[in-house]
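Before any comments, here is the structure.
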2 protein chains.
Amino acid sequence: MTFPEEHFLLDDTVPGTLWEPPGGDGPLILIAHGGGQHRGAPSVTGRARMLVASGFRVAALDAPGHGDRPDPVASPMRGTAEGLAERVARINAEVATRAVPEWRAALDRLAPSGPAGFWGVSMGAVVGLELMAADNRIAAGVLGLTGARHDLAATITVPVEFALQWNDEFVPRASALALFEAFASTEKTLHANPGRHAELPRFEADSALRFFQRHLPQRK
Amino acid sequence: MTFPEEHFLLDDTVPGTLWEPPGGDGPLILIAHGGGQHRGAPSVTGRARMLVASGFRVAALDAPGHGDRPDPVASPMRGTAEGLAERVARINAEVATRAVPEWRAALDRLAPSGPAGFWGVSMGAVVGLELMAADNRIAAGVLGLTGARHDLAATITVPVEFALQWNDEFVPRASALALFEAFASTEKTLHANPGRHAELPRFEADSALRFFQRHLPQRK
């Protein structure tokens with residue numbers, strides 16, 4: 001099954017893709033990819049296809065320094081002076097700060113008065129934390145695989161589904177549990193599964209779909 | 001929507017109810033009620049109705065000392081010499097040990113060669129831990145709201161979905177997290193939500209249904 005796919009360029013610099021269900025209507029979900037990935041990665045397009053099949057519109061952007069963008073960020077794998085975890089955290093924070101105005105411009109274009117959903121894990125979750133703290137058009141977020149930015153989580157009040165990998169080699173378990181605790185949301189659910197950072201089970205995507213269906217109902 | 005409901009008596013002493021979808025076929029799910037409740041409590045019948053509407057058979061028993069049974073156990077609310085938490089844990093363990101042969105007799109009658117699912121939280125989860133450790137006909141379990149019996153969890157290898165209430169006034173968070181960690185299951189998912197012991201969100205029932213659909217597929 002194929003769906004209309006439209007590539008666009010925000011402000012002449014940020015490559016994005018919009019997927020739409022037949023008819024072109026439906027609530028908008030933003031999908032932010034992880035570190036070292038891009039908007040066409042299978043983890044993004046797979047989630048997009050599933051959401052579009054359920055009537056959502058989906059938009060993805062290449063993050064600063066990723067995908068088709070000519071402004072590379074340093075690879076966290078080449079760190080020497082600082083540890084890998086610190087380097088990943090610093091790069092994720094830099095990317096998120098640069099990415100948030102771009103996602104807000106995407107919202108202006110695609111869902112100017114909201115509401116929209118956000119879905120991102122790992123680096124994508126750091127982007128989401130900063131975006132959700134800054135823009136109240138995001139009405140629900142599926143985040144996870146990070147333990148960063150408790151300060152931002154404490155300002156977020158919309159429903160959150162948060163994924164934690166129990167044996168994450170990059171994210172200390174205690175930091176992720178504390179981040180979950182920090183969210184000010186009345187409705188927040190932690191989903192923890194065994195496995196390493198990249199081993200988030202596929203059935204969590206089905207759960208995320210149902211989460212968005214609860215919080216971003218289709219117009220009839 | 002109503003479904004066939006059959007009350008039965010196991011071994012002349014244990015009252016049970018069986019709900020069946022049209023046609024009377026489908027995988028069996030056992031539902032164990034919580035402390036102080038009974039097999040006709042809304043939390044049991046509501047879950048049964050949802051499962052039966054999706055093609056499962058459901059059986060519930062009154063636990064020892066509960067419901068229509070003439071052999072009351074002491075109420076944990078009347079404890080004086082020992083603390084409430086200790087008293088609840090002791091009574092739950094007593095009930096579970098007495099209940100397990102009864103659930104095995106129910107399996108002999110309703111799904112003698114398995115597989116079946118088990119769904120119980122709080123006291124019902126303590127029953128489930130003991131039953132799942134003893135009887136390999138239980139192929140998947142939705143448990144939660146307890147931090148007891150890590151020893152049994154360490155012997156359980158089938159898929160588990162485990163619910164934890166973040167602000168549970170009866171179950172220390174660390175004990176529930178450690179119980180989740182103790183399961184030997186390759187597939188196990190922790191679902192944590194804010195709120196007290198009795199405030200498990202309704203959407204967790206929908207999640208449990210999907211868990212059982214993944215692990216106990218309908219015969220076509």
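A note on labels: chains of the structure tokens are A, B, ... as shown, every chain counts residues from 1, and ligands are counted from 1 in their shown order.
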
What residues in chain A lie within 12 Å of chain B, counting only C-alpha atoms, written as a PyMOL selection string? chain A and resi 159-167+173-174+177-178+180-195+199-204+206-211+213-215

Since we have the selection now, will you write its residues out, keeping N, CA and C atoms, as a short mmCIF file (atom, residue, chain, number, x, y, z; two decimals), in the first residue's frame?
data_model
loop_
_atom_site.label_atom_id
_atom_site.label_comp_id
_atom_site.auth_asym_id
_atom_site.auth_seq_id
_atom_site.Cartn_x
_atom_site.Cartn_y
_atom_site.Cartn_z
N PRO A 159 -0.45 14.64 27.77
CA PRO A 159 -0.21 13.20 27.91
C PRO A 159 1.08 12.75 27.22
N VAL A 160 1.78 11.87 27.91
CA VAL A 160 3.06 11.36 27.42
C VAL A 160 3.10 9.84 27.57
N GLU A 161 3.55 9.16 26.54
CA GLU A 161 3.91 7.73 26.67
C GLU A 161 5.42 7.66 26.50
N PHE A 162 6.08 7.06 27.49
CA PHE A 162 7.54 7.14 27.57
C PHE A 162 8.15 5.74 27.58
N ALA A 163 9.00 5.46 26.60
CA ALA A 163 9.62 4.13 26.47
C ALA A 163 11.00 4.11 27.09
N LEU A 164 11.26 3.08 27.86
CA LEU A 164 12.57 2.89 28.51
C LEU A 164 13.06 1.49 28.20
N GLN A 165 14.30 1.38 27.76
CA GLN A 165 14.90 0.05 27.58
C GLN A 165 15.68 -0.30 28.84
N TRP A 166 15.30 -1.44 29.42
CA TRP A 166 15.78 -1.81 30.75
C TRP A 166 17.29 -1.99 30.78
N ASN A 167 17.88 -2.39 29.64
CA ASN A 167 19.32 -2.65 29.58
C ASN A 167 20.01 -1.69 28.61
N ARG A 173 19.46 3.72 33.76
CA ARG A 173 18.05 3.46 34.08
C ARG A 173 17.48 4.51 35.04
N ALA A 174 18.29 4.84 36.04
CA ALA A 174 17.79 5.79 37.05
C ALA A 174 17.48 7.16 36.44
N LEU A 177 14.10 6.82 34.62
CA LEU A 177 12.99 6.74 35.59
C LEU A 177 12.74 8.12 36.20
N ALA A 178 13.81 8.84 36.48
CA ALA A 178 13.65 10.18 37.06
C ALA A 178 13.05 11.15 36.05
N PHE A 180 10.91 10.27 33.68
CA PHE A 180 9.48 9.94 33.68
C PHE A 180 8.79 10.59 34.87
N GLU A 181 9.42 10.50 36.03
CA GLU A 181 8.82 11.10 37.21
C GLU A 181 8.68 12.61 37.06
N ALA A 182 9.61 13.24 36.34
CA ALA A 182 9.63 14.71 36.25
C ALA A 182 8.48 15.29 35.44
N PHE A 183 7.94 14.54 34.49
CA PHE A 183 6.85 15.09 33.67
C PHE A 183 5.71 15.58 34.56
N ALA A 184 5.20 16.76 34.28
CA ALA A 184 4.08 17.31 35.06
C ALA A 184 2.73 16.81 34.55
N SER A 185 2.74 15.97 33.56
CA SER A 185 1.51 15.46 32.93
C SER A 185 0.67 14.66 33.92
N THR A 186 -0.65 14.90 33.89
CA THR A 186 -1.56 14.07 34.67
C THR A 186 -1.58 12.65 34.10
N GLU A 187 -1.63 12.54 32.77
CA GLU A 187 -1.55 11.23 32.15
C GLU A 187 -0.17 11.01 31.56
N LYS A 188 0.55 10.08 32.13
CA LYS A 188 1.85 9.68 31.60
C LYS A 188 2.01 8.21 31.90
N THR A 189 2.53 7.47 30.92
CA THR A 189 2.73 6.03 31.10
C THR A 189 4.14 5.67 30.71
N LEU A 190 4.80 4.94 31.58
CA LEU A 190 6.13 4.42 31.30
C LEU A 190 6.01 3.01 30.77
N HIS A 191 6.62 2.73 29.63
CA HIS A 191 6.68 1.37 29.09
C HIS A 191 8.14 0.93 29.11
N ALA A 192 8.46 -0.01 29.98
CA ALA A 192 9.84 -0.51 30.07
C ALA A 192 9.90 -1.92 29.52
N ASN A 193 10.90 -2.18 28.69
CA ASN A 193 11.11 -3.51 28.11
C ASN A 193 12.57 -3.91 28.26
N PRO A 194 12.83 -5.20 28.36
CA PRO A 194 14.22 -5.64 28.39
C PRO A 194 14.89 -5.31 27.06
N GLY A 195 16.20 -5.20 27.11
CA GLY A 195 16.93 -5.00 25.87
C GLY A 195 17.74 -3.73 25.85
N GLU A 199 16.83 -1.86 20.78
CA GLU A 199 15.97 -3.05 20.73
C GLU A 199 14.54 -2.79 21.20
N LEU A 200 14.07 -1.58 21.07
CA LEU A 200 12.67 -1.27 21.41
C LEU A 200 11.75 -2.21 20.64
N PRO A 201 10.85 -2.93 21.36
CA PRO A 201 10.03 -3.92 20.65
C PRO A 201 9.04 -3.27 19.68
N ARG A 202 8.76 -3.99 18.63
CA ARG A 202 7.85 -3.48 17.61
C ARG A 202 6.45 -3.22 18.15
N PHE A 203 6.03 -4.02 19.15
CA PHE A 203 4.65 -3.82 19.62
C PHE A 203 4.49 -2.47 20.31
N GLU A 204 5.58 -1.79 20.64
CA GLU A 204 5.43 -0.44 21.19
C GLU A 204 4.91 0.55 20.15
N ASP A 206 2.58 -0.17 17.95
CA ASP A 206 1.13 -0.37 18.01
C ASP A 206 0.55 0.37 19.21
N SER A 207 1.26 0.32 20.32
CA SER A 207 0.79 1.03 21.51
C SER A 207 0.78 2.54 21.27
N ALA A 208 1.81 3.05 20.60
CA ALA A 208 1.88 4.49 20.31
C ALA A 208 0.71 4.92 19.43
N LEU A 209 0.39 4.08 18.44
CA LEU A 209 -0.76 4.39 17.59
C LEU A 209 -2.03 4.56 18.43
N ARG A 210 -2.24 3.63 19.37
CA ARG A 210 -3.45 3.70 20.19
C ARG A 210 -3.43 4.92 21.11
N PHE A 211 -2.24 5.25 21.58
CA PHE A 211 -2.09 6.47 22.40
C PHE A 211 -2.52 7.70 21.59
N GLN A 213 -4.44 7.74 18.98
CA GLN A 213 -5.89 7.65 18.68
C GLN A 213 -6.72 8.13 19.87
N ARG A 214 -6.24 7.87 21.09
CA ARG A 214 -6.97 8.35 22.27
C ARG A 214 -6.93 9.87 22.38
N HIS A 215 -5.77 10.45 22.04
CA HIS A 215 -5.58 11.87 22.36
C HIS A 215 -5.74 12.81 21.18
#

Among segment 92-200 of chain A, which ones does DSSP assign to helix (DSSP H, G or I) (computed from the backbone)? Answer as a ChimeraX atom specification. /A:92-110,123-134,150-153,173-182

Can you tell me which residues surround segment 60-65 of chain A at a distance of at most 7 Å, considering only C-alpha atoms, apart from same-chain residues fewer than 3 positions away, and format the answer as a PyMOL selection string? chain A and resi 14-18+30-32+38-39+68-73+95+98-99

From a backbone DSSP assignment, name each residue in segment 4-174 of chain A labelled strand (DSSP E or B), as number ranges by chain. A: 5-10, 14-19, 28-32, 57-61, 116-120, 138-144, 160-165

Next, write the just-selected residues to a file, as a short mmCIF file (atom, residue, chain, number, x, y, z; two decimals), in the first residue's frame, keeping N, CA and C atoms as the atom set.
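And here is the file that came out, selection35.cif:
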data_model
loop_
_atom_site.label_atom_id
_atom_site.label_comp_id
_atom_site.auth_asym_id
_atom_site.auth_seq_id
_atom_site.Cartn_x
_atom_site.Cartn_y
_atom_site.Cartn_z
N GLU A 5 3.25 10.97 -0.93
CA GLU A 5 4.44 11.40 -0.20
C GLU A 5 4.92 12.68 -0.85
N GLU A 6 5.02 13.74 -0.06
CA GLU A 6 5.41 15.03 -0.62
C GLU A 6 6.68 15.50 0.07
N HIS A 7 7.72 15.69 -0.69
CA HIS A 7 8.95 16.26 -0.12
C HIS A 7 8.86 17.77 -0.19
N PHE A 8 9.32 18.42 0.86
CA PHE A 8 9.30 19.89 0.85
C PHE A 8 10.57 20.43 1.48
N LEU A 9 10.78 21.72 1.33
CA LEU A 9 11.96 22.38 1.88
C LEU A 9 11.46 23.57 2.69
N LEU A 10 11.71 23.53 4.01
CA LEU A 10 11.28 24.63 4.89
C LEU A 10 12.32 25.74 4.85
N VAL A 14 15.55 23.29 5.18
CA VAL A 14 15.26 22.09 5.98
C VAL A 14 14.42 21.11 5.18
N PRO A 15 14.99 19.97 4.78
CA PRO A 15 14.21 19.00 3.98
C PRO A 15 13.22 18.24 4.87
N GLY A 16 12.01 18.13 4.37
CA GLY A 16 10.97 17.41 5.09
C GLY A 16 10.14 16.55 4.17
N THR A 17 9.39 15.64 4.77
CA THR A 17 8.47 14.81 4.00
C THR A 17 7.12 14.81 4.70
N LEU A 18 6.06 14.89 3.91
CA LEU A 18 4.69 14.81 4.43
C LEU A 18 4.01 13.61 3.80
N TRP A 19 3.45 12.75 4.65
CA TRP A 19 2.66 11.62 4.17
C TRP A 19 1.20 11.88 4.54
N LEU A 28 -2.28 15.68 12.67
CA LEU A 28 -0.87 15.63 12.27
C LEU A 28 0.00 15.05 13.39
N ILE A 29 0.87 14.11 13.02
CA ILE A 29 1.89 13.59 13.95
C ILE A 29 3.27 13.95 13.38
N LEU A 30 4.10 14.55 14.20
CA LEU A 30 5.48 14.84 13.81
C LEU A 30 6.37 13.68 14.27
N ILE A 31 7.21 13.18 13.38
CA ILE A 31 8.16 12.12 13.76
C ILE A 31 9.59 12.63 13.63
N ALA A 32 10.31 12.64 14.73
CA ALA A 32 11.71 13.06 14.73
C ALA A 32 12.60 11.83 14.79
N ARG A 57 -2.08 12.32 9.33
CA ARG A 57 -1.03 12.89 8.50
C ARG A 57 0.27 12.81 9.30
N VAL A 58 1.37 12.64 8.61
CA VAL A 58 2.66 12.52 9.29
C VAL A 58 3.70 13.39 8.59
N ALA A 59 4.47 14.12 9.38
CA ALA A 59 5.57 14.90 8.82
C ALA A 59 6.87 14.55 9.52
N ALA A 60 7.94 14.49 8.75
CA ALA A 60 9.28 14.24 9.30
C ALA A 60 10.25 15.24 8.69
N LEU A 61 11.20 15.70 9.48
CA LEU A 61 12.25 16.61 9.00
C LEU A 61 13.61 15.93 9.20
N ALA A 116 -1.39 18.78 17.45
CA ALA A 116 -0.61 17.78 16.74
C ALA A 116 0.05 16.86 17.77
N GLY A 117 0.49 15.71 17.28
CA GLY A 117 1.22 14.78 18.13
C GLY A 117 2.70 14.81 17.79
N PHE A 118 3.52 14.31 18.71
CA PHE A 118 4.95 14.23 18.47
C PHE A 118 5.43 12.84 18.85
N TRP A 119 6.32 12.27 18.03
CA TRP A 119 6.86 10.92 18.27
C TRP A 119 8.36 10.94 18.00
N GLY A 120 9.14 10.75 19.04
CA GLY A 120 10.58 10.68 18.85
C GLY A 120 11.23 10.00 20.03
N ILE A 138 1.55 20.99 20.52
CA ILE A 138 1.78 19.55 20.68
C ILE A 138 0.90 19.06 21.83
N ALA A 139 -0.10 18.26 21.50
CA ALA A 139 -1.12 17.86 22.48
C ALA A 139 -0.85 16.49 23.11
N ALA A 140 0.12 15.76 22.57
CA ALA A 140 0.41 14.43 23.09
C ALA A 140 1.74 13.98 22.50
N GLY A 141 2.56 13.31 23.32
CA GLY A 141 3.88 12.92 22.84
C GLY A 141 4.26 11.51 23.22
N VAL A 142 4.83 10.78 22.27
CA VAL A 142 5.46 9.48 22.55
C VAL A 142 6.97 9.70 22.49
N LEU A 143 7.61 9.54 23.64
CA LEU A 143 9.04 9.83 23.78
C LEU A 143 9.72 8.61 24.39
N GLY A 144 11.05 8.69 24.53
CA GLY A 144 11.73 7.61 25.22
C GLY A 144 13.20 7.53 24.90
N VAL A 160 1.78 11.87 27.91
CA VAL A 160 3.06 11.36 27.42
C VAL A 160 3.10 9.84 27.57
N GLU A 161 3.55 9.16 26.54
CA GLU A 161 3.91 7.73 26.67
C GLU A 161 5.42 7.66 26.50
N PHE A 162 6.08 7.06 27.49
CA PHE A 162 7.54 7.14 27.57
C PHE A 162 8.15 5.74 27.58
N ALA A 163 9.00 5.46 26.60
CA ALA A 163 9.62 4.13 26.47
C ALA A 163 11.00 4.11 27.09
N LEU A 164 11.26 3.08 27.86
CA LEU A 164 12.57 2.89 28.51
C LEU A 164 13.06 1.49 28.20
N GLN A 165 14.30 1.38 27.76
CA GLN A 165 14.90 0.05 27.58
C GLN A 165 15.68 -0.30 28.84
#

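Distances to Glu86 of chain A were evaluated for A:Ile156, A:Leu179, A:Ala148, A:Leu131 using only C-alpha atoms, and the minimum falls at A:Ala148.
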
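Distances to Ala41 of chain B were evaluated for B:Gly24, B:Phe3, B:Phe56, B:Gly67 using only C-alpha atoms, and the minimum falls at B:Gly67.
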
In Å and to one decimal, atom CA of Leu145 of chain B is distant from atom CA of Asp168 of chain B by 7.8 Å
